[in-house]
file work.cif (mmCIF, C-alpha atoms)
data_entry
#
loop_
_atom_site.label_atom_id
_atom_site.label_comp_id
_atom_site.auth_asym_id
_atom_site.auth_seq_id
_atom_site.Cartn_x
_atom_site.Cartn_y
_atom_site.Cartn_z
CA MET A 1 78.87 99.73 101.12
CA PRO A 2 81.63 97.85 99.33
CA ASN A 3 83.17 94.85 101.00
CA THR A 4 86.75 95.96 100.61
CA LEU A 5 88.49 99.27 100.21
CA SER A 6 92.20 99.07 99.59
CA ASP A 7 94.63 101.83 100.48
CA ASN A 8 95.15 102.48 96.77
CA ALA A 9 91.43 102.70 95.99
CA ILE A 10 90.96 105.25 98.76
CA ALA A 11 93.97 107.21 97.52
CA ARG A 12 92.43 107.37 94.04
CA LEU A 13 88.97 108.28 95.35
CA SER A 14 90.63 111.10 97.28
CA VAL A 15 92.15 112.40 94.02
CA TYR A 16 88.82 112.13 92.16
CA ARG A 17 87.21 114.03 95.01
CA ARG A 18 89.73 116.83 94.66
CA VAL A 19 89.26 117.01 90.88
CA LEU A 20 85.45 116.89 91.19
CA THR A 21 85.50 119.62 93.84
CA GLU A 22 87.38 121.86 91.41
CA MET A 23 85.00 121.00 88.56
CA HIS A 24 81.99 121.65 90.77
CA ARG A 25 83.49 124.99 91.85
CA ASP A 26 83.86 125.85 88.15
CA SER A 27 80.13 125.03 87.63
CA ARG A 28 80.84 122.02 85.46
CA THR A 29 77.79 119.75 85.70
CA SER A 30 78.92 116.53 84.03
CA VAL A 31 82.18 114.61 83.79
CA ARG A 32 83.33 111.58 81.79
CA SER A 33 85.56 108.83 83.12
CA ASP A 34 88.18 109.89 80.56
CA ASP A 35 88.35 113.38 82.07
CA LEU A 36 88.77 112.03 85.57
CA ALA A 37 91.33 109.51 84.31
CA ALA A 38 93.42 112.23 82.66
CA ALA A 39 93.25 114.47 85.72
CA ALA A 40 94.14 111.65 88.11
CA GLY A 41 96.74 109.98 85.91
CA VAL A 42 95.05 106.56 85.74
CA THR A 43 93.16 104.68 83.01
CA ALA A 44 89.48 105.33 82.28
CA SER A 45 88.62 101.71 83.04
CA GLN A 46 90.31 102.08 86.45
CA VAL A 47 88.12 105.14 87.11
CA ARG A 48 84.97 103.21 86.17
CA ARG A 49 85.93 100.29 88.44
CA ASP A 50 86.64 102.68 91.31
CA LEU A 51 83.37 104.54 90.84
CA MET A 52 81.46 101.27 91.10
CA LEU A 53 82.77 101.20 94.70
CA VAL A 54 80.62 104.24 95.40
CA ARG A 55 77.71 102.77 93.38
CA ALA A 56 77.98 105.55 90.82
CA LEU A 57 76.56 104.71 87.42
CA GLY A 58 77.41 106.90 84.46
CA THR A 59 75.31 107.47 81.34
CA ASN A 60 76.61 108.01 77.81
CA LYS A 61 76.97 111.67 78.81
CA GLY A 62 79.13 110.72 81.78
CA TYR A 63 78.48 111.28 85.47
CA ASP A 64 76.67 114.14 87.17
CA THR A 65 79.46 116.07 88.91
CA ALA A 66 77.53 116.99 92.06
CA ASP A 67 76.03 113.48 92.45
CA LEU A 68 79.40 111.81 92.03
CA LEU A 69 81.10 114.19 94.46
CA GLY A 70 78.31 113.57 96.98
CA ALA A 71 78.67 109.79 96.63
CA ILE A 72 82.43 109.90 97.21
CA GLU A 73 82.01 112.22 100.20
CA LYS A 74 79.40 109.89 101.64
CA LEU A 75 81.79 106.98 101.37
CA MET A 76 84.91 108.77 102.62
CA ASP A 77 83.54 111.12 105.25
CA PRO A 78 82.61 109.93 108.71
CA PRO A 79 78.88 109.88 109.53
CA GLU A 80 79.56 112.46 112.23
CA PRO A 81 82.55 114.80 112.78
CA GLN A 82 85.65 112.75 113.57
CA GLU A 83 88.11 114.00 116.17
CA VAL A 84 91.77 114.20 115.26
CA ALA A 85 94.64 114.77 117.72
CA LEU A 86 97.78 116.72 116.83
CA VAL A 87 101.09 116.07 118.57
CA GLY A 88 103.70 118.80 118.18
CA VAL A 89 102.72 122.45 117.92
CA GLY A 90 105.89 123.86 116.36
CA ASN A 91 105.96 125.49 112.94
CA ILE A 92 104.53 122.54 111.04
CA GLY A 93 101.92 121.77 113.71
CA THR A 94 100.75 125.38 113.85
CA ALA A 95 100.55 125.54 110.05
CA VAL A 96 98.53 122.32 110.05
CA LEU A 97 96.07 123.76 112.60
CA SER A 98 95.64 126.88 110.54
CA TYR A 99 95.36 124.96 107.26
CA PHE A 100 92.67 122.55 108.45
CA ALA A 101 90.63 125.05 110.51
CA GLY A 102 87.23 124.92 108.82
CA ARG A 103 88.50 123.15 105.68
CA ARG A 104 86.95 119.74 106.33
CA PRO A 105 84.11 120.10 108.86
CA MET A 106 83.94 116.32 109.27
CA LEU A 107 87.61 116.12 110.29
CA ASP A 108 88.15 118.19 113.37
CA ILE A 109 91.51 118.66 115.09
CA THR A 110 90.05 119.03 118.57
CA VAL A 111 93.15 118.67 120.72
CA ALA A 112 96.87 119.30 120.42
CA PHE A 113 99.76 118.18 122.63
CA ASP A 114 103.21 119.63 123.16
CA ASN A 115 105.92 119.67 125.84
CA ASP A 116 106.70 123.38 125.45
CA PRO A 117 105.40 125.43 128.42
CA ALA A 118 105.09 128.43 126.07
CA VAL A 119 102.44 126.55 124.08
CA ILE A 120 100.65 124.49 126.74
CA GLY A 121 97.42 126.10 127.86
CA ARG A 122 97.01 128.20 124.74
CA THR A 123 94.25 127.82 122.16
CA LEU A 124 95.48 127.97 118.56
CA HIS A 125 92.99 128.24 115.71
CA GLY A 126 90.29 127.02 118.05
CA CYS A 127 92.33 124.04 119.27
CA PRO A 128 93.45 123.76 122.92
CA CYS A 129 97.08 122.75 123.53
CA LEU A 130 97.60 120.30 126.38
CA PRO A 131 100.77 118.88 127.95
CA VAL A 132 101.96 115.75 126.17
CA THR A 133 101.80 113.95 129.52
CA ASP A 134 97.99 114.06 129.16
CA LEU A 135 98.07 112.34 125.77
CA ALA A 136 97.27 108.76 126.78
CA GLU A 137 94.37 109.70 129.02
CA VAL A 138 92.76 112.22 126.68
CA VAL A 139 93.11 110.20 123.47
CA ALA A 140 91.85 106.98 125.04
CA GLY A 141 89.15 108.77 127.04
CA ARG A 142 87.71 110.53 124.00
CA ASN A 143 88.09 107.52 121.74
CA ILE A 144 90.24 109.43 119.26
CA ARG A 145 91.36 107.17 116.41
CA ALA A 146 93.28 109.52 114.09
CA ALA A 147 96.32 111.66 114.83
CA ILE A 148 98.90 113.91 113.23
CA ILE A 149 102.55 113.69 114.33
CA ALA A 150 104.53 116.92 113.87
CA VAL A 151 107.33 116.47 116.41
CA PRO A 152 111.10 116.28 115.72
CA ALA A 153 112.44 113.06 114.22
CA ASP A 154 113.97 111.73 117.44
CA ALA A 155 110.69 112.02 119.36
CA ALA A 156 108.35 110.60 116.71
CA GLN A 157 108.63 106.87 117.42
CA LYS A 158 107.80 107.27 121.11
CA VAL A 159 104.84 109.52 120.28
CA ALA A 160 103.57 107.00 117.73
CA GLU A 161 103.75 104.21 120.30
CA ALA A 162 101.86 106.28 122.87
CA LEU A 163 99.16 107.11 120.31
CA VAL A 164 98.75 103.50 119.23
CA SER A 165 98.53 102.34 122.86
CA ALA A 166 95.80 104.92 123.40
CA GLY A 167 93.78 103.53 120.49
CA VAL A 168 94.90 105.52 117.44
CA ARG A 169 94.74 103.52 114.18
CA GLY A 170 95.50 106.17 111.53
CA ILE A 171 98.52 108.51 111.65
CA MET A 172 99.58 111.35 109.37
CA ASN A 173 103.33 111.65 110.01
CA PHE A 174 105.37 114.77 109.24
CA ALA A 175 108.47 113.65 111.17
CA PRO A 176 111.27 112.68 108.77
CA VAL A 177 111.52 109.12 110.07
CA ARG A 178 109.92 105.87 109.10
CA LEU A 179 107.66 104.89 112.01
CA ARG A 180 107.49 101.31 113.19
CA ALA A 181 103.83 100.51 113.80
CA PRO A 182 101.69 97.38 113.95
CA ARG A 183 100.01 96.37 110.67
CA SER A 184 96.70 97.33 112.21
CA VAL A 185 97.77 100.98 112.09
CA TYR A 186 97.73 103.02 108.89
CA VAL A 187 100.61 105.51 108.56
CA GLU A 188 100.54 108.22 105.91
CA ASN A 189 104.00 109.78 105.64
CA VAL A 190 104.36 113.36 104.47
CA ASP A 191 108.01 113.64 103.52
CA LEU A 192 108.56 117.36 102.94
CA THR A 193 112.34 117.11 102.54
CA GLY A 194 112.06 114.23 100.09
CA SER A 195 109.45 116.09 98.05
CA LEU A 196 111.56 119.22 97.74
CA GLU A 197 114.65 117.12 97.00
CA LYS A 198 112.84 115.41 94.13
CA ALA A 199 111.46 118.66 92.67
CA ALA A 200 114.92 120.23 92.85
CA PHE A 201 116.65 117.19 91.36
CA PHE A 202 114.33 117.00 88.37
CA ALA A 203 114.50 120.76 87.90
CA ARG A 204 118.26 120.44 87.48
CA GLN A 205 118.07 117.35 85.28
CA ARG A 206 115.48 118.92 82.97
CA SER A 207 117.20 122.28 82.72
CA GLN A 208 120.46 120.55 81.85
CA LYS A 209 118.70 118.52 79.20
CA GLU A 210 117.21 121.66 77.64
CA GLN A 211 120.64 123.21 77.62
CA GLY A 212 122.19 120.06 76.16
CA GLN A 213 124.81 120.00 78.90
CA THR A 214 124.73 116.33 79.82
CA GLY A 215 124.79 112.89 78.41
CA TYR A 216 121.49 111.88 80.01
CA ALA A 217 119.58 109.50 77.74
CA TYR A 218 115.79 109.74 77.74
CA MET B 1 126.74 109.01 86.29
CA PRO B 2 123.89 106.79 85.17
CA ASN B 3 122.28 107.44 81.81
CA THR B 4 118.73 107.58 83.06
CA LEU B 5 117.11 108.32 86.37
CA SER B 6 113.38 107.77 86.46
CA ASP B 7 111.06 109.62 88.81
CA ASN B 8 110.46 106.37 90.67
CA ALA B 9 114.15 105.58 91.09
CA ILE B 10 114.79 109.03 92.54
CA ALA B 11 111.80 108.64 94.86
CA ARG B 12 113.25 105.36 96.17
CA LEU B 13 116.76 106.79 96.52
CA SER B 14 115.24 109.61 98.55
CA VAL B 15 113.68 107.05 100.91
CA TYR B 16 116.95 105.10 101.21
CA ARG B 17 118.68 108.37 102.00
CA ARG B 18 116.24 109.05 104.82
CA VAL B 19 116.63 105.56 106.25
CA LEU B 20 120.43 105.68 105.95
CA THR B 21 120.54 109.09 107.64
CA GLU B 22 118.67 107.62 110.59
CA MET B 23 120.94 104.57 110.71
CA HIS B 24 124.04 106.78 110.49
CA ARG B 25 122.66 108.97 113.32
CA ASP B 26 122.22 105.78 115.38
CA SER B 27 125.91 104.90 114.72
CA ARG B 28 125.05 101.87 112.63
CA THR B 29 128.02 101.22 110.35
CA SER B 30 126.76 98.60 107.92
CA VAL B 31 123.46 97.84 106.26
CA ARG B 32 122.15 94.98 104.11
CA SER B 33 119.89 95.36 101.10
CA ASP B 34 117.22 93.40 103.01
CA ASP B 35 117.21 96.00 105.79
CA LEU B 36 116.84 98.86 103.34
CA ALA B 37 114.18 96.91 101.45
CA ALA B 38 112.14 96.34 104.60
CA ALA B 39 112.44 99.97 105.67
CA ALA B 40 111.54 101.30 102.23
CA GLY B 41 108.84 98.75 101.46
CA VAL B 42 110.42 97.38 98.27
CA THR B 43 112.20 94.12 97.38
CA ALA B 44 115.87 93.52 98.16
CA SER B 45 116.64 93.00 94.47
CA GLN B 46 115.04 96.39 93.72
CA VAL B 47 117.33 97.94 96.33
CA ARG B 48 120.39 96.32 94.76
CA ARG B 49 119.41 97.51 91.26
CA ASP B 50 118.84 101.06 92.58
CA LEU B 51 122.14 101.11 94.42
CA MET B 52 123.97 100.19 91.20
CA LEU B 53 122.76 103.60 89.97
CA VAL B 54 125.00 105.21 92.56
CA ARG B 55 127.80 102.72 91.81
CA ALA B 56 127.56 101.25 95.29
CA LEU B 57 128.86 97.72 95.62
CA GLY B 58 128.01 95.68 98.68
CA THR B 59 130.04 92.89 100.22
CA ASN B 60 128.69 89.81 101.96
CA LYS B 61 128.46 91.98 105.07
CA GLY B 62 126.33 94.53 103.22
CA TYR B 63 127.10 98.16 102.48
CA ASP B 64 129.03 100.67 104.57
CA THR B 65 126.34 103.04 105.83
CA ALA B 66 128.37 106.25 105.59
CA ASP B 67 129.77 105.39 102.13
CA LEU B 68 126.34 104.55 100.77
CA LEU B 69 124.79 107.68 102.22
CA GLY B 70 127.61 109.75 100.72
CA ALA B 71 127.14 108.15 97.29
CA ILE B 72 123.39 108.86 97.29
CA GLU B 73 123.97 112.43 98.44
CA LYS B 74 126.53 112.93 95.71
CA LEU B 75 124.04 111.77 93.11
CA MET B 76 121.02 113.66 94.44
CA ASP B 77 122.52 116.87 95.71
CA PRO B 78 123.51 119.69 93.40
CA PRO B 79 127.25 120.33 93.01
CA GLU B 80 126.72 123.77 94.53
CA PRO B 81 123.82 125.17 96.60
CA GLN B 82 120.67 125.31 94.47
CA GLU B 83 118.33 128.27 94.82
CA VAL B 84 114.65 127.59 95.39
CA ALA B 85 111.86 130.19 95.16
CA LEU B 86 108.76 130.13 97.36
CA VAL B 87 105.48 131.65 96.23
CA GLY B 88 102.94 132.29 98.99
CA VAL B 89 104.04 133.26 102.50
CA GLY B 90 100.87 132.36 104.42
CA ASN B 91 100.78 129.69 107.13
CA ILE B 92 102.06 126.87 104.96
CA GLY B 93 104.70 129.04 103.26
CA THR B 94 106.00 130.35 106.59
CA ALA B 95 106.13 126.82 108.03
CA VAL B 96 108.04 125.66 104.96
CA LEU B 97 110.59 128.47 105.39
CA SER B 98 111.08 127.58 109.02
CA TYR B 99 111.23 123.84 108.32
CA PHE B 100 113.85 124.06 105.59
CA ALA B 101 116.01 126.77 107.21
CA GLY B 102 119.38 125.05 107.56
CA ARG B 103 117.98 121.54 107.01
CA ARG B 104 119.44 120.94 103.55
CA PRO B 105 122.34 123.34 102.96
CA MET B 106 122.39 122.43 99.27
CA LEU B 107 118.75 123.44 98.80
CA ASP B 108 118.35 127.05 99.71
CA ILE B 109 115.06 128.94 99.64
CA THR B 110 116.61 132.28 98.79
CA VAL B 111 113.54 134.29 97.78
CA ALA B 112 109.83 134.34 98.56
CA PHE B 113 106.97 136.13 96.82
CA ASP B 114 103.57 137.25 98.07
CA ASN B 115 100.95 139.86 97.25
CA ASP B 116 100.26 140.77 100.90
CA PRO B 117 101.69 144.22 101.81
CA ALA B 118 102.04 143.01 105.41
CA VAL B 119 104.59 140.42 104.26
CA ILE B 120 106.37 142.15 101.38
CA GLY B 121 109.68 143.67 102.45
CA ARG B 122 110.07 141.42 105.46
CA THR B 123 112.77 138.78 105.93
CA LEU B 124 111.47 135.48 107.31
CA HIS B 125 113.89 132.79 108.49
CA GLY B 126 116.59 134.52 106.47
CA CYS B 127 114.51 134.72 103.30
CA PRO B 128 113.46 138.09 101.83
CA CYS B 129 109.80 138.44 100.75
CA LEU B 130 109.29 140.32 97.49
CA PRO B 131 106.11 141.41 95.70
CA VAL B 132 104.78 138.70 93.38
CA THR B 133 104.95 141.24 90.54
CA ASP B 134 108.76 140.82 90.70
CA LEU B 135 108.55 137.05 90.22
CA ALA B 136 109.25 136.78 86.50
CA GLU B 137 112.22 139.12 86.56
CA VAL B 138 113.87 137.70 89.70
CA VAL B 139 113.38 134.01 88.89
CA ALA B 140 114.57 134.36 85.30
CA GLY B 141 117.37 136.77 86.25
CA ARG B 142 118.79 134.46 88.91
CA ASN B 143 118.27 131.33 86.83
CA ILE B 144 116.12 129.71 89.54
CA ARG B 145 114.86 126.29 88.37
CA ALA B 146 112.97 124.95 91.41
CA ALA B 147 110.03 126.47 93.25
CA ILE B 148 107.47 125.83 95.96
CA ILE B 149 103.85 126.90 95.46
CA ALA B 150 101.96 127.63 98.70
CA VAL B 151 99.20 129.95 97.46
CA PRO B 152 95.43 129.35 97.61
CA ALA B 153 93.92 126.91 95.10
CA ASP B 154 92.44 129.54 92.80
CA ALA B 155 95.78 131.34 92.36
CA ALA B 156 98.01 128.29 91.88
CA GLN B 157 97.64 127.70 88.13
CA LYS B 158 98.57 131.29 87.24
CA VAL B 159 101.57 131.16 89.58
CA ALA B 160 102.70 127.87 88.04
CA GLU B 161 102.50 129.35 84.54
CA ALA B 162 104.50 132.41 85.59
CA LEU B 163 107.15 130.19 87.19
CA VAL B 164 107.45 127.94 84.14
CA SER B 165 107.70 130.97 81.83
CA ALA B 166 110.53 132.25 84.01
CA GLY B 167 112.42 128.98 83.64
CA VAL B 168 111.31 126.82 86.58
CA ARG B 169 111.32 123.08 85.77
CA GLY B 170 110.58 121.50 89.17
CA ILE B 171 107.65 122.49 91.41
CA MET B 172 106.62 121.34 94.87
CA ASN B 173 102.91 122.17 95.02
CA PHE B 174 100.94 122.56 98.26
CA ALA B 175 97.85 124.10 96.63
CA PRO B 176 94.95 121.60 96.59
CA VAL B 177 94.62 121.64 92.81
CA ARG B 178 96.11 119.60 90.04
CA LEU B 179 98.40 121.92 88.08
CA ARG B 180 98.50 121.82 84.31
CA ALA B 181 102.14 122.00 83.28
CA PRO B 182 104.19 121.01 80.22
CA ARG B 183 105.75 117.55 80.33
CA SER B 184 109.14 119.19 80.66
CA VAL B 185 108.17 120.35 84.16
CA TYR B 186 108.19 118.01 87.17
CA VAL B 187 105.39 118.64 89.67
CA GLU B 188 105.48 117.06 93.14
CA ASN B 189 102.05 117.45 94.77
CA VAL B 190 101.79 117.57 98.55
CA ASP B 191 98.12 116.89 99.20
CA LEU B 192 97.68 117.63 102.92
CA THR B 193 93.89 117.29 102.93
CA GLY B 194 94.01 114.01 101.02
CA SER B 195 96.64 112.63 103.40
CA LEU B 196 94.63 113.46 106.51
CA GLU B 197 91.46 112.15 104.86
CA LYS B 198 93.16 108.83 104.18
CA ALA B 199 94.61 108.51 107.68
CA ALA B 200 91.19 109.31 109.20
CA PHE B 201 89.34 106.93 106.88
CA PHE B 202 91.60 103.98 107.65
CA ALA B 203 91.54 104.83 111.35
CA ARG B 204 87.75 104.44 111.29
CA GLN B 205 87.82 101.33 109.13
CA ARG B 206 90.39 99.61 111.30
CA SER B 207 88.77 100.54 114.60
CA GLN B 208 85.44 99.24 113.34
CA LYS B 209 87.09 96.03 112.24
CA GLU B 210 88.63 95.54 115.70
CA GLN B 211 85.25 96.13 117.24
CA GLY B 212 83.56 93.80 114.74
CA GLN B 213 81.03 96.44 113.85
CA THR B 214 81.01 96.10 110.08
CA GLY B 215 80.81 93.65 107.27
CA TYR B 216 84.14 94.70 105.75
CA ALA B 217 85.94 91.72 104.28
CA TYR B 218 89.73 91.69 104.39
#
call {"tool": "encode", "arguments": {"input": "work.cif", "output": "structure tokens"}}
result
Amino acid sequence: MPNTLSDNAIARLSVYRRVLTEMHRDSRTSVRSDDLAAAAGVTASQVRRDLMLVRALGTNKGYDTADLLGAIEKLMDPPEPQEVALVGVGNIGTAVLSYFAGRRPMLDITVAFDNDPAVIGRTLHGCPCLPVTDLAEVVAGRNIRAAIIAVPADAAQKVAEALVSAGVRGIMNFAPVRLRAPRSVYVENVDLTGSLEKAAFFARQRSQKEQGQTGYAY
Amino acid sequence: MPNTLSDNAIARLSVYRRVLTEMHRDSRTSVRSDDLAAAAGVTASQVRRDLMLVRALGTNKGYDTADLLGAIEKLMDPPEPQEVALVGVGNIGTAVLSYFAGRRPMLDITVAFDNDPAVIGRTLHGCPCLPVTDLAEVVAGRNIRAAIIAVPADAAQKVAEALVSAGVRGIMNFAPVRLRAPRSVYVENVDLTGSLEKAAFFARQRSQKEQGQTGYAY
């Protein structure tokens, strides 16, 4: 095991994993650092440094795709299935449950919380929905360390604080607010509005450029 | 209008916009570059350079929150509502329709495409669902430049190519694959699996560190 794994290294390993999964699915048996670099948008020497973290050694023909994928999975995946809690079972929360059901067997959304009586008590995509008032007890009692926040913006900070108090140290946050959390907690923001805003902005800028309608300099 | 707007500058302006929207909602009338810098995780001098892009000038008391928000919106938002197409009306696509309905009046998902007969012909959250075979004609005919891809991984590349052929230049991609697209097309990847993987990984790493169970060096 490496001594340190920075946020950025893990982010890149996650991208390599995705690319390797596709290559493996397409029955490609070997891969060169250049190919991974191009697919991930980093330099080949960065790829080689990162792959030393997983103790992967290439030959002059490159790396064995299946071996490399296995090594990254071994590093990134928990040794046994890891429980994840979901807070907020609205549209985004429900989509998240459906999306992750069966996708990553080692990451298992085993419990969801909401304050809507129409949702509490139901089981969605195999996941029971409990009242949010049970959150602290259940999360702490089961030793759950990772959670997904999919509640409205004005409720997110309080939910984050409750999760952290209960022992959560990694949060995937869909609420369109910047959470305040101790440095010991990792927050991964998924900013859907910002992402669409950016795609739409560049779509306009690039179309205008093609049509020669602006004075943008490139 | 500035002469150039890089992807990174727009990404940061999008974050400032989110932070300013929260501050404005909390009735905060002025903001300093340091506050924005802390909230966005960049330096105060970076904030000041970015805000010159929107011609915002601060005083020694900082910037007026509403003015600054208005200036960023004026730069980022289209002059009239911009149409966005959605391809794939499964769980993620439906959640996206619900999430964006009314959230950004200037970004309007006006048409969705799918190949599922159970979905085609329906109107979801105000958006009509058409057969994917109509995509090229509708997107090109209406001059739609921005699109969201929410189809399974193995269908995404073909959908992206059809969208680009029809004139789309900005794509928000939920499919867990890296799309190949011309440089003239902006692709914003939303990697849900990678994000949860990262949150879960760091949750484990940090919990283990607290419990002193590993040899991780920090």
call {"tool": "atom_distance", "arguments": {"input": "work.cif", "atom1": "CA of Ala150 in chain A", "atom2": "CA of Tyr99 in chain B"}}
result
11.1 Å
call {"tool": "closest_residue", "arguments": {"input": "work.cif", "among": "B:Ala175, B:Ala71, B:Ala162, B:Ala147", "to": "chain A", "atoms": "only C-alpha atoms"}}
result
B:Ala147
call {"tool": "closest_residue", "arguments": {"input": "work.cif", "among": "B:Asp67, B:Asp50, B:Asp26, B:Glu83", "to": "Arg204 in chain A", "atoms": "all atoms listed in the file"}}
result
B:Glu83
call {"tool": "residues_around", "arguments": {"input": "work.cif", "residues": "range 6-9 of chain A", "least_positions_apart": "3", "cutoff": "9 Å", "atoms": "all atoms listed in the file", "output": "list in words"}}
result
Arg12, Leu13, Ser14, Asp50 and Leu53 of chain A; Lys198 and Phe202 of chain B
call {"tool": "atom_distance", "arguments": {"input": "work.cif", "atom1": "CA of Thr133 in chain B", "atom2": "CA of Thr94 in chain B"}}
result
19.4 Å
call {"tool": "decode", "arguments": {"input": "work.cif", "residues": "range 165-186 of chain B", "atoms": "N, CA and C atoms", "output": "compact mmCIF listing (two decimals), in the first residue's frame"}}
result
# COMPACT_ATOMS: atom_id res chain seq x y z
N SER B 165 -23.43 16.38 -35.17
CA SER B 165 -23.81 16.55 -36.59
C SER B 165 -24.98 17.51 -36.74
N ALA B 166 -25.87 17.49 -35.75
CA ALA B 166 -27.06 18.34 -35.83
C ALA B 166 -26.79 19.77 -35.37
N GLY B 167 -25.55 20.03 -34.90
CA GLY B 167 -25.19 21.40 -34.56
C GLY B 167 -24.91 21.66 -33.09
N VAL B 168 -25.01 20.65 -32.24
CA VAL B 168 -24.77 20.85 -30.81
C VAL B 168 -23.28 21.10 -30.55
N ARG B 169 -22.98 22.08 -29.70
CA ARG B 169 -21.58 22.42 -29.41
C ARG B 169 -21.25 22.38 -27.93
N GLY B 170 -22.24 22.08 -27.08
CA GLY B 170 -21.99 21.93 -25.65
C GLY B 170 -22.80 20.76 -25.13
N ILE B 171 -22.12 19.81 -24.45
CA ILE B 171 -22.79 18.58 -24.00
C ILE B 171 -22.53 18.37 -22.51
N MET B 172 -23.58 18.10 -21.76
CA MET B 172 -23.44 17.64 -20.38
C MET B 172 -23.67 16.13 -20.43
N ASN B 173 -22.63 15.36 -20.07
CA ASN B 173 -22.67 13.91 -20.27
C ASN B 173 -22.73 13.12 -18.97
N PHE B 174 -23.83 12.41 -18.76
CA PHE B 174 -23.97 11.55 -17.58
C PHE B 174 -23.52 10.12 -17.85
N ALA B 175 -23.35 9.73 -19.10
CA ALA B 175 -22.98 8.34 -19.40
C ALA B 175 -21.55 8.09 -18.92
N PRO B 176 -21.31 6.95 -18.28
CA PRO B 176 -19.97 6.69 -17.71
C PRO B 176 -18.99 6.28 -18.79
N VAL B 177 -18.80 7.12 -19.78
CA VAL B 177 -17.80 6.85 -20.82
C VAL B 177 -17.24 8.20 -21.25
N ARG B 178 -16.01 8.15 -21.71
CA ARG B 178 -15.36 9.37 -22.16
C ARG B 178 -15.72 9.56 -23.63
N LEU B 179 -16.45 10.60 -23.95
CA LEU B 179 -16.90 10.81 -25.32
C LEU B 179 -15.77 11.34 -26.19
N ARG B 180 -15.70 10.83 -27.41
CA ARG B 180 -14.79 11.42 -28.40
C ARG B 180 -15.60 12.47 -29.16
N ALA B 181 -15.08 13.70 -29.12
CA ALA B 181 -15.80 14.80 -29.78
C ALA B 181 -14.76 15.75 -30.37
N PRO B 182 -15.13 16.46 -31.44
CA PRO B 182 -14.20 17.45 -32.01
C PRO B 182 -13.87 18.52 -30.96
N ARG B 183 -12.73 19.18 -31.15
CA ARG B 183 -12.32 20.21 -30.19
C ARG B 183 -13.30 21.37 -30.16
N SER B 184 -14.08 21.51 -31.19
CA SER B 184 -15.05 22.62 -31.24
C SER B 184 -16.26 22.35 -30.34
N VAL B 185 -16.30 21.17 -29.72
CA VAL B 185 -17.44 20.83 -28.86
C VAL B 185 -16.98 20.76 -27.41
N TYR B 186 -17.70 21.42 -26.52
CA TYR B 186 -17.37 21.37 -25.09
C TYR B 186 -18.15 20.24 -24.44
